[in-house]
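J.: Structure file input22.tsv, TSV, C-alpha atoms and all ligand atoms, is pasted below:
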```
chain	number	residue	atom	x	y	z
A	1	MET	CA	0.00	0.00	0.00
A	2	GLN	CA	2.75	2.40	1.00
A	3	ARG	CA	4.72	1.43	-2.07
A	4	ARG	CA	1.76	1.96	-4.34
A	5	SER	CA	1.08	5.45	-3.00
A	6	LEU	CA	4.77	6.25	-3.35
A	7	LEU	CA	4.65	5.19	-7.01
A	8	LYS	CA	1.54	7.27	-7.53
A	9	SER	CA	3.03	10.38	-5.98
A	10	THR	CA	6.20	9.90	-8.03
A	11	ALA	CA	4.05	9.81	-11.16
A	12	VAL	CA	2.27	12.99	-10.09
A	13	LEU	CA	5.56	14.71	-9.41
A	14	GLY	CA	6.85	13.63	-12.80
A	15	LEU	CA	3.74	15.02	-14.46
A	16	ALA	CA	4.02	18.28	-12.53
A	17	GLY	CA	7.62	18.59	-13.69
A	18	GLY	CA	6.53	18.08	-17.27
A	19	LEU	CA	3.97	20.86	-16.90
A	20	GLY	CA	6.74	23.28	-16.05
A	21	TRP	CA	6.41	23.38	-12.30
A	22	PRO	CA	9.63	24.22	-10.50
A	23	ALA	CA	11.96	21.23	-10.16
A	24	PHE	CA	10.60	21.18	-6.63
A	25	ALA	CA	11.94	18.21	-4.74
A	26	ALA	CA	12.62	16.40	-8.02
A	27	GLY	CA	14.59	13.39	-6.87
A	28	LYS	CA	15.51	15.24	-3.69
A	29	ILE	CA	14.64	14.61	-0.08
A	30	LYS	CA	12.48	17.30	1.45
A	31	PRO	CA	12.80	17.17	5.24
A	32	GLY	CA	9.41	17.92	6.73
A	33	ALA	CA	8.04	18.61	10.19
A	34	LYS	CA	8.93	15.06	11.29
A	35	ALA	CA	12.62	15.36	10.44
A	36	ALA	CA	15.46	16.74	12.53
A	37	LEU	CA	18.98	17.82	11.62
A	38	ILE	CA	21.56	16.76	14.21
A	39	VAL	CA	24.74	18.83	14.14
A	40	VAL	CA	27.43	16.90	16.01
A	41	ASP	CA	30.33	18.61	17.79
A	42	VAL	CA	31.10	21.51	15.45
A	43	GLN	CA	33.25	22.96	18.21
A	44	ASN	CA	36.54	24.83	18.23
A	45	CYS	CA	38.31	21.76	19.70
A	46	PHE	CA	37.69	19.80	16.47
A	47	LEU	CA	38.40	22.68	14.09
A	48	ASP	CA	41.64	24.28	12.86
A	49	GLY	CA	43.71	25.35	15.87
A	50	GLY	CA	41.69	23.21	18.28
A	51	THR	CA	43.04	20.65	20.75
A	52	LEU	CA	41.80	17.70	18.64
A	53	ALA	CA	41.64	19.34	15.23
A	54	VAL	CA	40.11	17.09	12.55
A	55	LYS	CA	41.49	17.47	9.04
A	56	GLY	CA	39.04	19.42	6.90
A	57	GLY	CA	36.72	19.90	9.89
A	58	ASN	CA	36.09	23.55	9.03
A	59	GLU	CA	34.77	22.50	5.61
A	60	VAL	CA	31.59	21.08	7.13
A	61	ILE	CA	30.49	24.51	8.35
A	62	PRO	CA	29.35	26.09	5.05
A	63	VAL	CA	27.66	22.82	4.08
A	64	ILE	CA	25.68	22.69	7.33
A	65	ASN	CA	24.87	26.42	7.10
A	66	THR	CA	23.33	25.79	3.67
A	67	LEU	CA	21.32	22.79	4.90
A	68	ALA	CA	20.02	24.38	8.10
A	69	PRO	CA	17.22	26.53	6.60
A	70	ALA	CA	15.67	23.36	5.12
A	71	PHE	CA	15.02	21.99	8.64
A	72	GLU	CA	12.28	22.90	11.08
A	73	ASN	CA	14.01	20.96	13.84
A	74	ILE	CA	17.70	21.20	14.66
A	75	VAL	CA	19.65	19.70	17.55
A	76	VAL	CA	23.26	20.65	18.24
A	77	THR	CA	25.64	18.51	20.29
A	78	GLN	CA	28.68	19.52	22.27
A	79	ASP	CA	31.49	17.32	23.56
A	80	TRP	CA	31.75	18.60	27.13
A	81	HIS	CA	34.45	16.97	29.23
A	82	THR	CA	35.59	17.54	32.77
A	83	ALA	CA	39.24	18.46	33.24
A	84	GLY	CA	41.14	15.19	33.73
A	85	HIS	CA	38.43	13.21	31.91
A	86	ALA	CA	38.92	9.43	31.61
A	87	SER	CA	39.07	9.72	27.80
A	88	PHE	CA	42.20	11.88	28.03
A	89	ALA	CA	45.57	10.12	27.69
A	90	SER	CA	46.90	12.54	30.30
A	91	ALA	CA	44.64	10.90	32.90
A	92	HIS	CA	46.42	7.53	32.49
A	93	ASP	CA	50.00	6.98	33.59
A	94	GLY	CA	52.32	6.08	30.72
A	95	LYS	CA	49.65	6.48	28.02
A	96	LYS	CA	49.90	8.63	24.93
A	97	PRO	CA	47.11	10.11	22.81
A	98	PHE	CA	45.59	7.67	20.30
A	99	GLU	CA	46.56	4.61	22.36
A	100	THR	CA	43.76	2.69	24.07
A	101	ALA	CA	42.95	1.73	27.64
A	102	LYS	CA	40.48	-0.67	29.19
A	103	LEU	CA	37.93	1.24	31.27
A	104	SER	CA	34.97	-0.12	33.24
A	105	TYR	CA	32.71	-0.11	30.14
A	106	GLY	CA	35.25	-1.45	27.63
A	107	GLN	CA	38.09	-0.28	25.38
A	108	GLN	CA	38.50	3.46	25.17
A	109	VAL	CA	40.63	5.38	22.67
A	110	LEU	CA	42.66	7.92	24.59
A	111	TRP	CA	42.63	11.45	23.22
A	112	PRO	CA	44.59	14.61	23.80
A	113	ASP	CA	42.89	16.82	26.40
A	114	HIS	CA	40.00	18.41	24.47
A	115	CYS	CA	36.64	20.17	24.77
A	116	VAL	CA	36.93	20.96	28.47
A	117	GLN	CA	33.72	22.41	29.89
A	118	GLY	CA	33.48	26.18	29.77
A	119	THR	CA	36.64	26.75	27.72
A	120	GLU	CA	36.74	28.61	24.40
A	121	ASP	CA	38.04	25.33	22.89
A	122	ALA	CA	34.71	23.65	23.79
A	123	ALA	CA	32.54	26.44	22.35
A	124	VAL	CA	30.41	25.77	19.30
A	125	SER	CA	32.02	27.48	16.30
A	126	LYS	CA	30.91	31.07	15.79
A	127	GLU	CA	30.88	30.37	12.04
A	128	LEU	CA	28.09	27.83	12.44
A	129	LYS	CA	24.76	29.43	11.53
A	130	VAL	CA	21.92	27.38	12.99
A	131	PRO	CA	19.81	30.10	14.63
A	132	THR	CA	16.73	27.86	14.75
A	133	ALA	CA	18.43	25.07	16.73
A	134	GLN	CA	16.25	24.40	19.76
A	135	LEU	CA	18.32	22.00	21.82
A	136	ILE	CA	21.97	21.60	22.71
A	137	ILE	CA	22.90	18.17	24.01
A	138	ARG	CA	26.10	18.13	26.04
A	139	LYS	CA	27.81	14.78	26.43
A	140	GLY	CA	30.92	13.24	27.95
A	141	PHE	CA	30.50	15.19	31.19
A	142	HIS	CA	30.76	12.20	33.52
A	143	LYS	CA	34.42	12.13	34.54
A	144	ASP	CA	34.80	8.35	34.27
A	145	MET	CA	32.79	7.73	31.11
A	146	ASP	CA	32.95	8.95	27.54
A	147	SER	CA	29.95	9.56	25.28
A	148	TYR	CA	30.54	9.66	21.54
A	149	SER	CA	26.82	9.20	20.94
A	150	ALA	CA	24.27	11.95	21.45
A	151	PHE	CA	21.80	9.26	22.59
A	152	GLU	CA	23.64	7.24	25.19
A	153	GLU	CA	26.94	7.16	27.02
A	154	ALA	CA	29.68	4.60	26.42
A	155	ASP	CA	28.19	2.10	28.92
A	156	HIS	CA	25.29	1.78	26.44
A	157	LYS	CA	22.94	2.26	29.39
A	158	THR	CA	22.98	5.89	30.49
A	159	ALA	CA	20.61	7.84	28.27
A	160	THR	CA	21.06	11.49	27.38
A	161	GLY	CA	17.30	11.88	26.87
A	162	LEU	CA	17.62	12.80	23.17
A	163	ALA	CA	15.52	9.86	21.94
A	164	GLY	CA	12.68	10.82	24.29
A	165	TYR	CA	12.90	14.46	23.27
A	166	LEU	CA	12.73	13.65	19.57
A	167	LYS	CA	9.89	11.15	20.02
A	168	ALA	CA	7.88	13.54	22.19
A	169	ARG	CA	8.11	16.00	19.32
A	170	GLY	CA	6.95	13.52	16.69
A	171	ILE	CA	10.31	13.22	14.94
A	172	LYS	CA	10.65	10.09	12.79
A	173	THR	CA	13.75	10.83	10.71
A	174	VAL	CA	17.13	12.26	11.61
A	175	PHE	CA	19.88	13.62	9.39
A	176	VAL	CA	23.28	13.50	11.08
A	177	THR	CA	26.12	15.92	10.23
A	178	GLY	CA	29.28	17.20	11.91
A	179	ILE	CA	32.47	15.83	13.42
A	180	ALA	CA	33.82	13.20	13.61
A	181	THR	CA	32.28	10.86	11.05
A	182	ASP	CA	33.92	7.77	12.54
A	183	PHE	CA	33.31	8.56	16.21
A	184	CYS	CA	30.56	10.88	17.43
A	185	VAL	CA	28.66	11.01	14.11
A	186	ALA	CA	28.74	7.22	13.62
A	187	TRP	CA	27.77	6.36	17.20
A	188	THR	CA	24.99	8.94	17.11
A	189	ALA	CA	23.66	7.60	13.79
A	190	MET	CA	23.77	3.95	14.91
A	191	ASP	CA	22.01	4.77	18.19
A	192	ALA	CA	19.39	6.74	16.25
A	193	ARG	CA	18.64	3.54	14.32
A	194	LYS	CA	18.54	1.57	17.57
A	195	ALA	CA	16.00	4.07	18.92
A	196	GLY	CA	13.86	3.50	15.82
A	197	PHE	CA	14.55	6.60	13.75
A	198	GLN	CA	15.02	6.55	10.02
A	199	THR	CA	18.62	7.75	9.82
A	200	TYR	CA	20.68	9.51	7.19
A	201	VAL	CA	24.29	10.64	7.43
A	202	ILE	CA	25.06	13.51	5.08
A	203	GLU	CA	28.61	12.55	4.17
A	204	ASP	CA	29.93	15.85	2.81
A	205	ALA	CA	28.65	17.56	5.96
A	206	THR	CA	30.99	15.37	8.05
A	207	ARG	CA	34.74	14.81	8.42
A	208	GLY	CA	36.45	11.83	10.01
A	209	ILE	CA	39.51	11.32	12.21
A	210	ASP	CA	40.37	8.02	10.49
A	211	LEU	CA	42.45	6.33	13.14
A	212	ASN	CA	43.80	2.96	11.84
A	213	GLY	CA	41.04	2.58	9.23
A	214	SER	CA	38.25	3.71	11.55
A	215	LEU	CA	36.48	5.74	8.85
A	216	ALA	CA	35.89	2.81	6.47
A	217	ALA	CA	34.98	0.58	9.42
A	218	ALA	CA	32.44	3.12	10.66
A	219	TRP	CA	30.71	3.34	7.26
A	220	LYS	CA	30.56	-0.45	7.12
A	221	GLN	CA	28.97	-0.66	10.56
A	222	MET	CA	26.58	2.21	9.89
A	223	THR	CA	25.45	0.68	6.61
A	224	ALA	CA	24.93	-2.71	8.28
A	225	LYS	CA	22.64	-1.03	10.80
A	226	GLY	CA	20.52	0.61	8.11
A	227	VAL	CA	21.99	4.11	8.21
A	228	LYS	CA	21.66	5.72	4.79
A	229	ARG	CA	24.68	7.51	3.32
A	230	ILE	CA	23.74	10.59	1.31
A	231	GLN	CA	25.24	13.89	0.13
A	232	SER	CA	24.05	17.42	0.87
A	233	ALA	CA	22.98	17.76	-2.78
A	234	ASP	CA	20.36	15.05	-2.12
A	235	ILE	CA	18.48	17.43	0.20
A	236	ALA	CA	16.06	20.00	-1.22
A	237	THR	CA	17.29	23.38	0.03
A	238	ALA	CA	15.70	26.73	-0.78
A	301	LIG	C1	34.95	12.94	19.33
A	301	LIG	C2	36.92	11.92	19.89
A	301	LIG	C3	36.80	12.33	21.19
A	301	LIG	C4	33.97	13.28	18.27
A	301	LIG	C5	34.80	13.36	20.65
A	301	LIG	O1	33.29	14.33	18.38
A	301	LIG	O2	33.87	12.50	17.30
A	301	LIG	N1	36.01	12.21	18.97
A	301	LIG	N2	35.73	13.04	21.55
A	302	ZN	ZN	35.62	13.83	23.47
```
Could I get this file's structure written as C-alpha cells?
T.:
Amino acid sequence: MQRRSLLKSTAVLGLAGGLGWPAFAAGKIKPGAKAALIVVDVQNCFLDGGTLAVKGGNEVIPVINTLAPAFENIVVTQDWHTAGHASFASAHDGKKPFETAKLSYGQQVLWPDHCVQGTEDAAVSKELKVPTAQLIIRKGFHKDMDSYSAFEEADHKTATGLAGYLKARGIKTVFVTGIATDFCVAWTAMDARKAGFQTYVIEDATRGIDLNGSLAAAWKQMTAKGVKRIQSADIATA
C-alpha cells in the first residue's frame, strides 16, 4: 500500500515537472516537520587550531549552514568533558594520545585533552549558523565515562534523553552531520537507528579522524545497521 502510493506520488511529481512546475523536490529529499537535523560537535576543539583538530573539519560549516534553513528541527551537540576526563591520555600513567585503555565499560581510545567544559576550545564554532536550533545536548561530562553518541553514554545504558525528546516532538527521521564521522557522528547515527529513527548521514557535511582505518569501518557498521549515506545535494534546500 505504501509502495503503491509512493509510485503514484512519483508519477504525479513527474507530471508536474513536465507541466513546467519548479523542479521542486525532483529526486531530492524534502525534510518535513517530522525530520530533525543533528549537528554533532562543530566545536573549536575539532576545528583548525583546536586541541583535537580534525582534518578538513572547518569545511563542514558552510555545508551545514546551507542545509540548516531546510530543517524545522535542529539539535546541536557539544562534547563537554571535565578536566582530567577518563578519555584523556593525560589521565592515564604512561599512556599517549591515540593509544587505548580498558575502562569499566570497555576499550576506550585515549585522546589529547580536548573540549573541556566552559573553555573557548569547547565552544560551538561562531561560524556555524543554525539560529533555529532548539536544543543543545552536552555529552561526555561524567568524569569516568565517555559519550561519543548523542543518545547514550559509552556504557550503552545511560541515556542522554535525546531519543525521548525527539519522540515527544513527533520526529521520525534524523539527518546527522558534523564531526567526527567515525566517532561521534557514527555512534549517534547507529544509536538513532537503535532508537527506531530513520537515519541519514550527510557525508559531505561530516569529516572523520580516520584512526587505523576507523572511517571505512564506521561506514561499514553504519550501513549494516541501516543508516543511509547521502550527500548534501540530495536534500532539497531553498
Ligand atoms: C569525538 C573523539 C573524542 C567526536 C569526541 O566528536 O567525534 N572524537 N571526543
Ligand atoms: Zn571527546
J.: Let me make sure I understand: among A:Ala192, A:Leu162, A:Ala33, A:Ala180, which one has the smallest atom-to-atom distance to ligand LIG 301 (chain A) if we use all atoms listed in the file?
T.: A:Ala180
J.: Which value, in Å to one decimal, gives the distance between atom CA of A:Leu103 and atom CA of A:Ala189?
T.: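 Answer for the atom CA of A:Leu103 to atom CA of A:Ala189 separation: 23.4 Å.
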J.: Could you list, as a PyMOL selection string, every residue within 10 Å of A:Lys139, counting only C-alpha atoms and ignoring same-chain residues fewer than 3 positions away?
T.: chain A and resi 41+77-81+136+142+145-153+160
J.: Can you tell me, as a PDB file with C-alpha atoms, in the frame of the given file, what residues are no more than 9 Å from A:Ile171 when counting only C-alpha atoms, ignoring any on the same chain fewer than 5 positions away?
T.:
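For reference, out_17.pdb as written:
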```
ATOM      1  CA  ALA A  33       8.040  18.610  10.190  1.00  0.00           C
ATOM      2  CA  LYS A  34       8.930  15.060  11.290  1.00  0.00           C
ATOM      3  CA  ALA A  35      12.620  15.360  10.440  1.00  0.00           C
ATOM      4  CA  ALA A  36      15.460  16.740  12.530  1.00  0.00           C
ATOM      5  CA  ASN A  73      14.010  20.960  13.840  1.00  0.00           C
ATOM      6  CA  TYR A 165      12.900  14.460  23.270  1.00  0.00           C
ATOM      7  CA  LEU A 166      12.730  13.650  19.570  1.00  0.00           C
ATOM      8  CA  PHE A 197      14.550   6.600  13.750  1.00  0.00           C
TER       9      PHE A 197
END
```
J.: Determine, for each residue of chain A having at least one atom at most 10 Å from an atom of ligand LIG 301 (chain A), the closest pair of atoms and their separation in Å to one decimal, counting only C-alpha atoms and all ligand atoms; order by chain and ascending number, as a Markdown table.
T.:
```
| residue | atom | partner | partner_atom | distance |
| --- | --- | --- | --- | --- |
| A:Val40 | CA | A:LIG301 | O1 | 6.8 |
| A:Asp41 | CA | A:LIG301 | O1 | 5.2 |
| A:Val42 | CA | A:LIG301 | O1 | 8.1 |
| A:Gln43 | CA | A:LIG301 | O1 | 8.6 |
| A:Cys45 | CA | A:LIG301 | O1 | 9.1 |
| A:Phe46 | CA | A:LIG301 | O1 | 7.3 |
| A:Leu52 | CA | A:LIG301 | C2 | 7.7 |
| A:Ala53 | CA | A:LIG301 | N1 | 9.8 |
| A:Val54 | CA | A:LIG301 | N1 | 9.0 |
| A:Thr77 | CA | A:LIG301 | O1 | 8.9 |
| A:Gln78 | CA | A:LIG301 | O1 | 8.0 |
| A:Asp79 | CA | A:LIG301 | C5 | 5.9 |
| A:Trp80 | CA | A:LIG301 | N2 | 8.8 |
| A:His81 | CA | A:LIG301 | N2 | 8.7 |
| A:Ser87 | CA | A:LIG301 | C3 | 7.5 |
| A:Phe88 | CA | A:LIG301 | C3 | 8.7 |
| A:Phe98 | CA | A:LIG301 | C2 | 9.7 |
| A:Gln108 | CA | A:LIG301 | C3 | 9.9 |
| A:Val109 | CA | A:LIG301 | C2 | 8.0 |
| A:Leu110 | CA | A:LIG301 | C3 | 8.1 |
| A:Trp111 | CA | A:LIG301 | C3 | 6.2 |
| A:Pro112 | CA | A:LIG301 | C3 | 8.5 |
| A:Asp113 | CA | A:LIG301 | C3 | 9.2 |
| A:His114 | CA | A:LIG301 | N2 | 7.5 |
| A:Cys115 | CA | A:LIG301 | N2 | 7.9 |
| A:Lys139 | CA | A:LIG301 | C5 | 9.2 |
| A:Gly140 | CA | A:LIG301 | N2 | 8.0 |
| A:Asp146 | CA | A:LIG301 | N2 | 7.8 |
| A:Ser147 | CA | A:LIG301 | C5 | 7.7 |
| A:Tyr148 | CA | A:LIG301 | C5 | 5.7 |
| A:Ser149 | CA | A:LIG301 | O2 | 8.6 |
| A:Ala150 | CA | A:LIG301 | O1 | 9.8 |
| A:Gly178 | CA | A:LIG301 | O1 | 8.1 |
| A:Ile179 | CA | A:LIG301 | O1 | 5.2 |
| A:Ala180 | CA | A:LIG301 | O2 | 3.8 |
| A:Thr181 | CA | A:LIG301 | O2 | 6.7 |
| A:Asp182 | CA | A:LIG301 | O2 | 6.7 |
| A:Phe183 | CA | A:LIG301 | O2 | 4.1 |
| A:Cys184 | CA | A:LIG301 | O2 | 3.7 |
| A:Val185 | CA | A:LIG301 | O2 | 6.3 |
| A:Ala186 | CA | A:LIG301 | O2 | 8.2 |
| A:Trp187 | CA | A:LIG301 | O2 | 8.7 |
| A:Thr188 | CA | A:LIG301 | O2 | 9.6 |
| A:Arg207 | CA | A:LIG301 | O2 | 9.2 |
| A:Gly208 | CA | A:LIG301 | O2 | 7.8 |
| A:Ile209 | CA | A:LIG301 | N1 | 7.7 |
```
J.: With C-alpha atoms retained, could you export that selection as an mmCIF file, in the frame of the given file?
T.:
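File written: result13.cif
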```cif
data_model
loop_
_atom_site.group_PDB
_atom_site.id
_atom_site.type_symbol
_atom_site.label_atom_id
_atom_site.label_comp_id
_atom_site.auth_asym_id
_atom_site.auth_seq_id
_atom_site.Cartn_x
_atom_site.Cartn_y
_atom_site.Cartn_z
ATOM 1 C CA VAL A 40 27.430 16.900 16.010
ATOM 2 C CA ASP A 41 30.330 18.610 17.790
ATOM 3 C CA VAL A 42 31.100 21.510 15.450
ATOM 4 C CA GLN A 43 33.250 22.960 18.210
ATOM 5 C CA CYS A 45 38.310 21.760 19.700
ATOM 6 C CA PHE A 46 37.690 19.800 16.470
ATOM 7 C CA LEU A 52 41.800 17.700 18.640
ATOM 8 C CA ALA A 53 41.640 19.340 15.230
ATOM 9 C CA VAL A 54 40.110 17.090 12.550
ATOM 10 C CA THR A 77 25.640 18.510 20.290
ATOM 11 C CA GLN A 78 28.680 19.520 22.270
ATOM 12 C CA ASP A 79 31.490 17.320 23.560
ATOM 13 C CA TRP A 80 31.750 18.600 27.130
ATOM 14 C CA HIS A 81 34.450 16.970 29.230
ATOM 15 C CA SER A 87 39.070 9.720 27.800
ATOM 16 C CA PHE A 88 42.200 11.880 28.030
ATOM 17 C CA PHE A 98 45.590 7.670 20.300
ATOM 18 C CA GLN A 108 38.500 3.460 25.170
ATOM 19 C CA VAL A 109 40.630 5.380 22.670
ATOM 20 C CA LEU A 110 42.660 7.920 24.590
ATOM 21 C CA TRP A 111 42.630 11.450 23.220
ATOM 22 C CA PRO A 112 44.590 14.610 23.800
ATOM 23 C CA ASP A 113 42.890 16.820 26.400
ATOM 24 C CA HIS A 114 40.000 18.410 24.470
ATOM 25 C CA CYS A 115 36.640 20.170 24.770
ATOM 26 C CA LYS A 139 27.810 14.780 26.430
ATOM 27 C CA GLY A 140 30.920 13.240 27.950
ATOM 28 C CA ASP A 146 32.950 8.950 27.540
ATOM 29 C CA SER A 147 29.950 9.560 25.280
ATOM 30 C CA TYR A 148 30.540 9.660 21.540
ATOM 31 C CA SER A 149 26.820 9.200 20.940
ATOM 32 C CA ALA A 150 24.270 11.950 21.450
ATOM 33 C CA GLY A 178 29.280 17.200 11.910
ATOM 34 C CA ILE A 179 32.470 15.830 13.420
ATOM 35 C CA ALA A 180 33.820 13.200 13.610
ATOM 36 C CA THR A 181 32.280 10.860 11.050
ATOM 37 C CA ASP A 182 33.920 7.770 12.540
ATOM 38 C CA PHE A 183 33.310 8.560 16.210
ATOM 39 C CA CYS A 184 30.560 10.880 17.430
ATOM 40 C CA VAL A 185 28.660 11.010 14.110
ATOM 41 C CA ALA A 186 28.740 7.220 13.620
ATOM 42 C CA TRP A 187 27.770 6.360 17.200
ATOM 43 C CA THR A 188 24.990 8.940 17.110
ATOM 44 C CA ARG A 207 34.740 14.810 8.420
ATOM 45 C CA GLY A 208 36.450 11.830 10.010
ATOM 46 C CA ILE A 209 39.510 11.320 12.210
#
```
J.: Name the closest residue to A:Leu135 among the candidates A:Val176, A:Ala238, A:Ile61, A:Ile74; distances are taken between atoms, counting all atoms listed in the file.
T.: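 Nearest to A:Leu135: A:Ile74.
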J.: When you count only C-alpha atoms and all ligand atoms, which of these residues is closest to ligand ZN 302 (chain A): A:Val116, A:Ile38, A:Val201, A:Val60?
T.: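 Comparing A:Val116, A:Ile38, A:Val201, A:Val60 against ligand ZN 302 (chain A), the winner is A:Val116.
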J.: Enter the distance from atom CA of A:Tyr200 to atom CA of A:Ala224, in Å, rounded to one decimal.
T.: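 Taking atom CA of A:Tyr200 as the start and atom CA of A:Ala224 as the end point, the length is 13.0 Å.
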J.: If we count all atoms listed in the file and set the cut-off at 6 Å, which residues sit around stretch 226-233 of chain A, ignoring sequence neighbours fewer than 4 positions away in its own chain? Please answer as a VMD selection string.
T.: chain A and resid 199 to 204 222
J.: Print the selection's residues with C-alpha atoms to a file, as a PDB file, keeping the file's coordinate frame.
T.:
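The resulting file, result28.pdb, is reproduced below:
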```
ATOM      1  CA  THR A 199      18.620   7.750   9.820  1.00  0.00           C
ATOM      2  CA  TYR A 200      20.680   9.510   7.190  1.00  0.00           C
ATOM      3  CA  VAL A 201      24.290  10.640   7.430  1.00  0.00           C
ATOM      4  CA  ILE A 202      25.060  13.510   5.080  1.00  0.00           C
ATOM      5  CA  GLU A 203      28.610  12.550   4.170  1.00  0.00           C
ATOM      6  CA  ASP A 204      29.930  15.850   2.810  1.00  0.00           C
ATOM      7  CA  MET A 222      26.580   2.210   9.890  1.00  0.00           C
TER       8      MET A 222
END
```
J.: Identify which of the residues A:Val39, A:Ala133, A:Ala154, A:Val75 lies closest to ligand ZN 302 (chain A), counting all atoms listed in the file when measuring atom-to-atom distances.
T.: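 Nearest to ligand ZN 302 (chain A): A:Ala154.
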J.: Can you work out the spacing between atom CA of A:Phe175 and atom CA of A:Trp219 in Å, to one decimal?
T.: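 Separation between atom CA of A:Phe175 and atom CA of A:Trp219: 15.1 Å.
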J.: Which of these, A:Arg169, A:Arg193, A:Lys126, A:His85, has the shortest distance to A:Lys143 once you count only C-alpha atoms?
T.: A:His85
J.: Ranking A:Leu128, A:Ala86, A:Lys102, A:Ala195 by minimum distance to ligand ZN 302 (chain A) and counting all atoms listed in the file, which one comes first?
T.: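 Closest residue, counting all atoms listed in the file: A:Ala86.
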